[in-house]
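Undergrad: Please find one structure pasted underneath; my questions will follow.
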Amino acid sequence: MSSIQIADTEGLQKMATLIRQDIIRMIGEAASGHPGGSLSATDILTALYFNVMRHQPAQPLWADRDRFILSKGHGAPALYSALARAGYFPPEQLKTLRKLGSPLQGHPEMGRLPGVEASTGSLGQGLSIAAGMALAGRLDDKSYRVFVMMGDGEINEGQVWEAALSSPKFHLGNLTAIVDYNGQQLDGWVKDIMALEPLQDKWHSFGWHTIEINGHDFTQILKAFEEAAAVHDKPSVVIAKTIKGKGVSFMENNVEFHGMAPTPEQVGIALRELGA
């Protein structure tokens with residue numbers, strides 16, 4: 001398990017706040033990055049790395065570890081902070097985000113940073129990667145589970161739905177997909193660009209076990225992953241309703257902060273709001 005295992009929702013909330021502070025500091029220092037989708041994904045990642053997943057930061061290639069794929073690779077700051085706080089590398093390294101020679105680039109790169117399971121950022125590919133890992137685990141008679149997080153705008157990509165068709169065909173009960181449903185993508189509101197509803201019905205019609213939750217409520221998050229783990233004959237998808245920029249007032253539901261770094265003044269305001 002993680003070097004820091006958190007059993008209670010209050011402790012998870014404290015860790016999520018720390019990760020949000022890291023995200024603001026990292027992107028502010030780099031003057032580049034994607035704060036909105038990193039902040040919306042934070043609570044799900046916190047639950048996974050500090051409660052749900054089996055993993056060993058001291059042995060990042062442990063054969064029986066659970067796998068996590070961040071398909072929405074631009075949310076890398078949230079993943080990097082979770083990995084650092086779990087013990088994969090020193091948190092001091094977070095300040096090197098997007099700097100020349102740093103393993104913490106704008107999108108995750110496998111092989112350069114312990115804990116990163118796949119190079120992502122070309123949107124739409126993560127579910128296919130995760131399905132392959134889940135199938136390999138079943139063929140190898142391994143008990144590990146595979147988790148993959150996608151953005152809601154990302155699932156406009158056709159490859160997502162090809163993987164969504166194949167995963168139930170192979171009865172991948174060890175696969176859990178997560179849709180970070182924050183309602184916004186690069187150019188605006190998802191509902192205006194390519195509406196997704198009825199999203200839960202779509203996944204259900206493809207043969208998935210579907211769960212819809214508030215993606216910022218740790219009680220609901222943990223219950224959802226427990227429910228998914230109990231389903232063995234089909235993959236599960238957790239549709240997590242979230243708020244883009246969650247935790248920072250001027251970033252919440254503000255599409256400008258999809259891919260815009262805060263100014264030094266805004267960094268200070270954001271950190272104060274986050275209790276730093």
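Order determines the names: the first chain of the structure tokens is A, the second B, and so forth; residues in each chain are numbered 1 upward, and ligands are numbered 1 upward as they are shown.
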Just the residues within 10 Å of Glu227 of chain A, please, counting only C-alpha atoms, with nothing from its chain fewer than 5 positions along; format it as an MDAnalysis selection string.
TA: chainID A and resid 209:211 221:222 236 238
Undergrad: Keeping N, CA and C atoms for every residue in the selection just given, could you write it to a file as a short mmCIF file (atom, residue, chain, number, x, y, z; two decimals), in the first residue's frame?
TA:
data_model
loop_
_atom_site.label_atom_id
_atom_site.label_comp_id
_atom_site.auth_asym_id
_atom_site.auth_seq_id
_atom_site.Cartn_x
_atom_site.Cartn_y
_atom_site.Cartn_z
N HIS A 209 -21.17 -1.52 -15.97
CA HIS A 209 -21.83 -1.21 -14.71
C HIS A 209 -21.58 0.27 -14.44
N THR A 210 -22.62 1.04 -14.25
CA THR A 210 -22.47 2.49 -14.14
C THR A 210 -22.79 2.99 -12.74
N ILE A 211 -22.00 3.97 -12.31
CA ILE A 211 -22.17 4.60 -10.99
C ILE A 211 -22.01 6.10 -11.18
N ILE A 221 -17.30 8.79 -3.12
CA ILE A 221 -16.18 8.28 -3.91
C ILE A 221 -15.76 6.89 -3.44
N LEU A 222 -15.55 6.74 -2.15
CA LEU A 222 -15.10 5.46 -1.61
C LEU A 222 -16.16 4.38 -1.81
N SER A 236 -16.63 -1.39 -14.84
CA SER A 236 -17.44 -0.36 -14.20
C SER A 236 -16.96 1.02 -14.62
N VAL A 238 -17.31 5.08 -13.29
CA VAL A 238 -17.75 6.04 -12.28
C VAL A 238 -17.84 7.40 -12.96
#
Undergrad: Give me the residues within 10 Å of Gln59 of chain A as a list in words, counting only C-alpha atoms and dropping any in the same chain fewer than 6 places off.
TA: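 What passes the distance filter is Arg65, Tyr88, Pro114 and Gly115 of chain A.
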Undergrad: Next, the residues of the selection above should be written as a short mmCIF file (atom, residue, chain, number, x, y, z; two decimals), in the first residue's frame with N, CA and C atoms.
TA:
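Output saved as result.cif:
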data_model
loop_
_atom_site.label_atom_id
_atom_site.label_comp_id
_atom_site.auth_asym_id
_atom_site.auth_seq_id
_atom_site.Cartn_x
_atom_site.Cartn_y
_atom_site.Cartn_z
N ARG A 65 0.71 -4.70 -8.21
CA ARG A 65 0.16 -3.37 -7.90
C ARG A 65 -1.09 -3.09 -8.72
N TYR A 88 6.51 8.43 -3.80
CA TYR A 88 7.25 7.97 -4.99
C TYR A 88 8.50 8.79 -5.27
N PRO A 114 8.83 7.53 -11.44
CA PRO A 114 8.23 6.33 -10.84
C PRO A 114 6.74 6.54 -10.56
N GLY A 115 5.96 5.52 -10.84
CA GLY A 115 4.53 5.59 -10.60
C GLY A 115 3.70 5.94 -11.81
#
Undergrad: Could you work out how far atom CA of Ile243 of chain A lies from atom CA of Ile178 of chain A, giving the answer in Å with one decimal?
TA: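 We find that atom CA of Ile178 of chain A and atom CA of Ile243 of chain A lie 14.8 Å from each other.
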Undergrad: Residues within 12 Å of Gln220 of chain A, please, as a short mmCIF file (atom, residue, chain, number, x, y, z; two decimals) with C-alpha atoms, in the first residue's frame. Count only C-alpha atoms; anything in the same chain fewer than 2 positions from it doesn't count.
TA:
data_model
loop_
_atom_site.label_atom_id
_atom_site.label_comp_id
_atom_site.auth_asym_id
_atom_site.auth_seq_id
_atom_site.Cartn_x
_atom_site.Cartn_y
_atom_site.Cartn_z
CA THR A 9 -12.73 11.14 5.04
CA ASP A 43 -10.41 14.29 -4.76
CA ILE A 44 -10.68 11.18 -6.95
CA ALA A 47 -9.03 8.58 -2.70
CA ILE A 211 -22.17 4.60 -10.99
CA GLU A 212 -22.84 8.34 -10.80
CA ILE A 213 -21.47 10.37 -7.88
CA ASN A 214 -20.44 13.77 -6.60
CA GLY A 215 -16.73 13.65 -7.37
CA HIS A 216 -15.87 15.86 -4.40
CA ASP A 217 -17.69 13.82 -1.73
CA PHE A 218 -15.27 11.30 -0.26
CA LEU A 222 -15.10 5.46 -1.61
CA LYS A 223 -18.50 3.78 -1.82
CA ALA A 224 -18.34 3.92 -5.64
CA PHE A 225 -14.97 2.19 -5.80
CA GLU A 226 -16.15 -0.42 -3.29
CA GLU A 227 -19.20 -1.07 -5.48
CA VAL A 238 -17.75 6.04 -12.28
CA ILE A 239 -19.27 9.23 -13.66
CA ALA A 240 -17.96 11.83 -11.23
CA LYS A 241 -19.73 15.18 -11.32
#
Undergrad: To test your reading of the structure, identify every residue in segment 86-177 of chain A that backbone DSSP assigns to alpha helix (DSSP H), and report it as an MDAnalysis selection string.
TA: chainID A and resid 86 126:139 158:169
Undergrad: Rank nothing, just name the residue among A:Leu274, A:Val179, A:Met26, A:Met150 nearest to Glu92 of chain A, using only C-alpha atoms.
TA: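 Smallest separation from Glu92 of chain A among the options: A:Met26.
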Undergrad: Just the number, please: distance in Å from atom CA of Ala131 of chain A to atom CA of Val146 of chain A, one decimal.
TA: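 Distance between the two atoms: 8.0 Å.
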Undergrad: Taking only C-alpha atoms into account, name the residue in A:Ala58, A:Ala276, A:Val160, A:Ala30 that is nearest to Gln105 of chain A.
TA: A:Ala30
Undergrad: I'd like the contact shell of segment 50-54 of chain A - 6 Å cut-off, only C-alpha atoms, skipping same-chain residues fewer than 4 positions apart - returned as an MDAnalysis selection string.
TA: chainID A and resid 1 5:6 46 65:66
Undergrad: Check the smallest atom-to-atom distance from each of A:Ile27, A:Val231, A:Leu48, A:Leu100 to Pro168 of chain A using only C-alpha atoms, then report the winner.
TA: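 Ranking A:Ile27, A:Val231, A:Leu48, A:Leu100 by distance to Pro168 of chain A, first place goes to A:Val231.
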Undergrad: Determine which residues of segment 19-255 of chain A receive a DSSP assignment of strand (DSSP E or B), computed from the backbone, and state them as a PDB file with C-alpha atoms, in the first residue's frame.
TA:
ATOM      1  CA  ARG A  67      -2.550   0.464 -12.061  1.00  0.00           C
ATOM      2  CA  PHE A  68      -3.782   4.017 -12.658  1.00  0.00           C
ATOM      3  CA  ILE A  69      -3.811   5.689 -16.076  1.00  0.00           C
ATOM      4  CA  LEU A  70      -4.383   9.442 -16.336  1.00  0.00           C
ATOM      5  CA  VAL A 146      -6.818  -1.047 -13.359  1.00  0.00           C
ATOM      6  CA  PHE A 147      -8.217   2.465 -13.012  1.00  0.00           C
ATOM      7  CA  VAL A 148      -8.328   5.082 -15.764  1.00  0.00           C
ATOM      8  CA  MET A 149      -9.473   8.694 -15.546  1.00  0.00           C
ATOM      9  CA  MET A 150     -10.828  10.462 -18.625  1.00  0.00           C
ATOM     10  CA  GLY A 151     -12.021  14.006 -19.111  1.00  0.00           C
ATOM     11  CA  LEU A 175     -11.289  -2.385 -14.988  1.00  0.00           C
ATOM     12  CA  THR A 176     -12.785   0.807 -13.564  1.00  0.00           C
ATOM     13  CA  ALA A 177     -13.084   3.917 -15.722  1.00  0.00           C
ATOM     14  CA  ILE A 178     -13.669   7.353 -14.223  1.00  0.00           C
ATOM     15  CA  VAL A 179     -15.130  10.288 -16.128  1.00  0.00           C
ATOM     16  CA  ASP A 180     -14.108  13.619 -14.585  1.00  0.00           C
ATOM     17  CA  TYR A 181     -17.380  15.293 -15.528  1.00  0.00           C
ATOM     18  CA  GLN A 184     -15.937  22.187 -19.481  1.00  0.00           C
ATOM     19  CA  GLN A 185     -13.246  21.615 -22.072  1.00  0.00           C
ATOM     20  CA  GLY A 188     -16.098  26.117 -23.515  1.00  0.00           C
ATOM     21  CA  TRP A 189     -18.934  24.111 -22.014  1.00  0.00           C
ATOM     22  CA  HIS A 209     -21.829  -1.208 -14.708  1.00  0.00           C
ATOM     23  CA  THR A 210     -22.472   2.494 -14.143  1.00  0.00           C
ATOM     24  CA  ILE A 211     -22.170   4.596 -10.992  1.00  0.00           C
ATOM     25  CA  GLU A 212     -22.843   8.337 -10.797  1.00  0.00           C
ATOM     26  CA  ILE A 213     -21.467  10.369  -7.878  1.00  0.00           C
ATOM     27  CA  ASN A 214     -20.441  13.769  -6.597  1.00  0.00           C
ATOM     28  CA  SER A 236     -17.443  -0.364 -14.199  1.00  0.00           C
ATOM     29  CA  VAL A 237     -17.532   3.355 -14.938  1.00  0.00           C
ATOM     30  CA  VAL A 238     -17.748   6.042 -12.280  1.00  0.00           C
ATOM     31  CA  ILE A 239     -19.266   9.233 -13.665  1.00  0.00           C
ATOM     32  CA  ALA A 240     -17.957  11.829 -11.230  1.00  0.00           C
ATOM     33  CA  LYS A 241     -19.731  15.177 -11.317  1.00  0.00           C
TER      34      LYS A 241
END
Undergrad: Taking only C-alpha atoms into account, name the residue in A:Gly36, A:Gly73, A:Gly121, A:Pro90 that is nearest to Gly259 of chain A.
TA: A:Gly36
Undergrad: Please, what distance in Å, to one decimal, runs between atom CA of Tyr80 of chain A and atom CA of Val116 of chain A?
TA: 8.8 Å
Undergrad: Report as a list of chain:residue names all protein, DNA and RNA residues lying within 10 Å of Arg98 of chain A, evaluated on only C-alpha atoms, omitting residues in the same chain fewer than 2 positions from it.
TA: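 Once the nearby chain positions are removed, what remains is A:Met26, A:Ile27, A:Glu29, A:Ala30, A:Ala31, A:Ser32, A:Gly33, A:Pro77, A:Leu94, A:Lys95, A:Thr96, A:Leu100, A:Gly101, A:Ser102, A:Pro103, A:Leu104, A:Gln105, A:Gly106, A:His107.
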Undergrad: Can you tell me, as a PyMOL selection string, what residues are no more than 9 Å from Leu79 of chain A when counting only C-alpha atoms, ignoring any on the same chain fewer than 4 positions away?
TA: chain A and resi 38+41-42+45+70+75+83-84+108+116
Undergrad: Using only C-alpha atoms, which of A:Asp233, A:Ser205, A:Leu127, A:Glu197 sits nearest Phe170 of chain A?
TA: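 Ranked by minimum distance to Phe170 of chain A, first place goes to A:Asp233.
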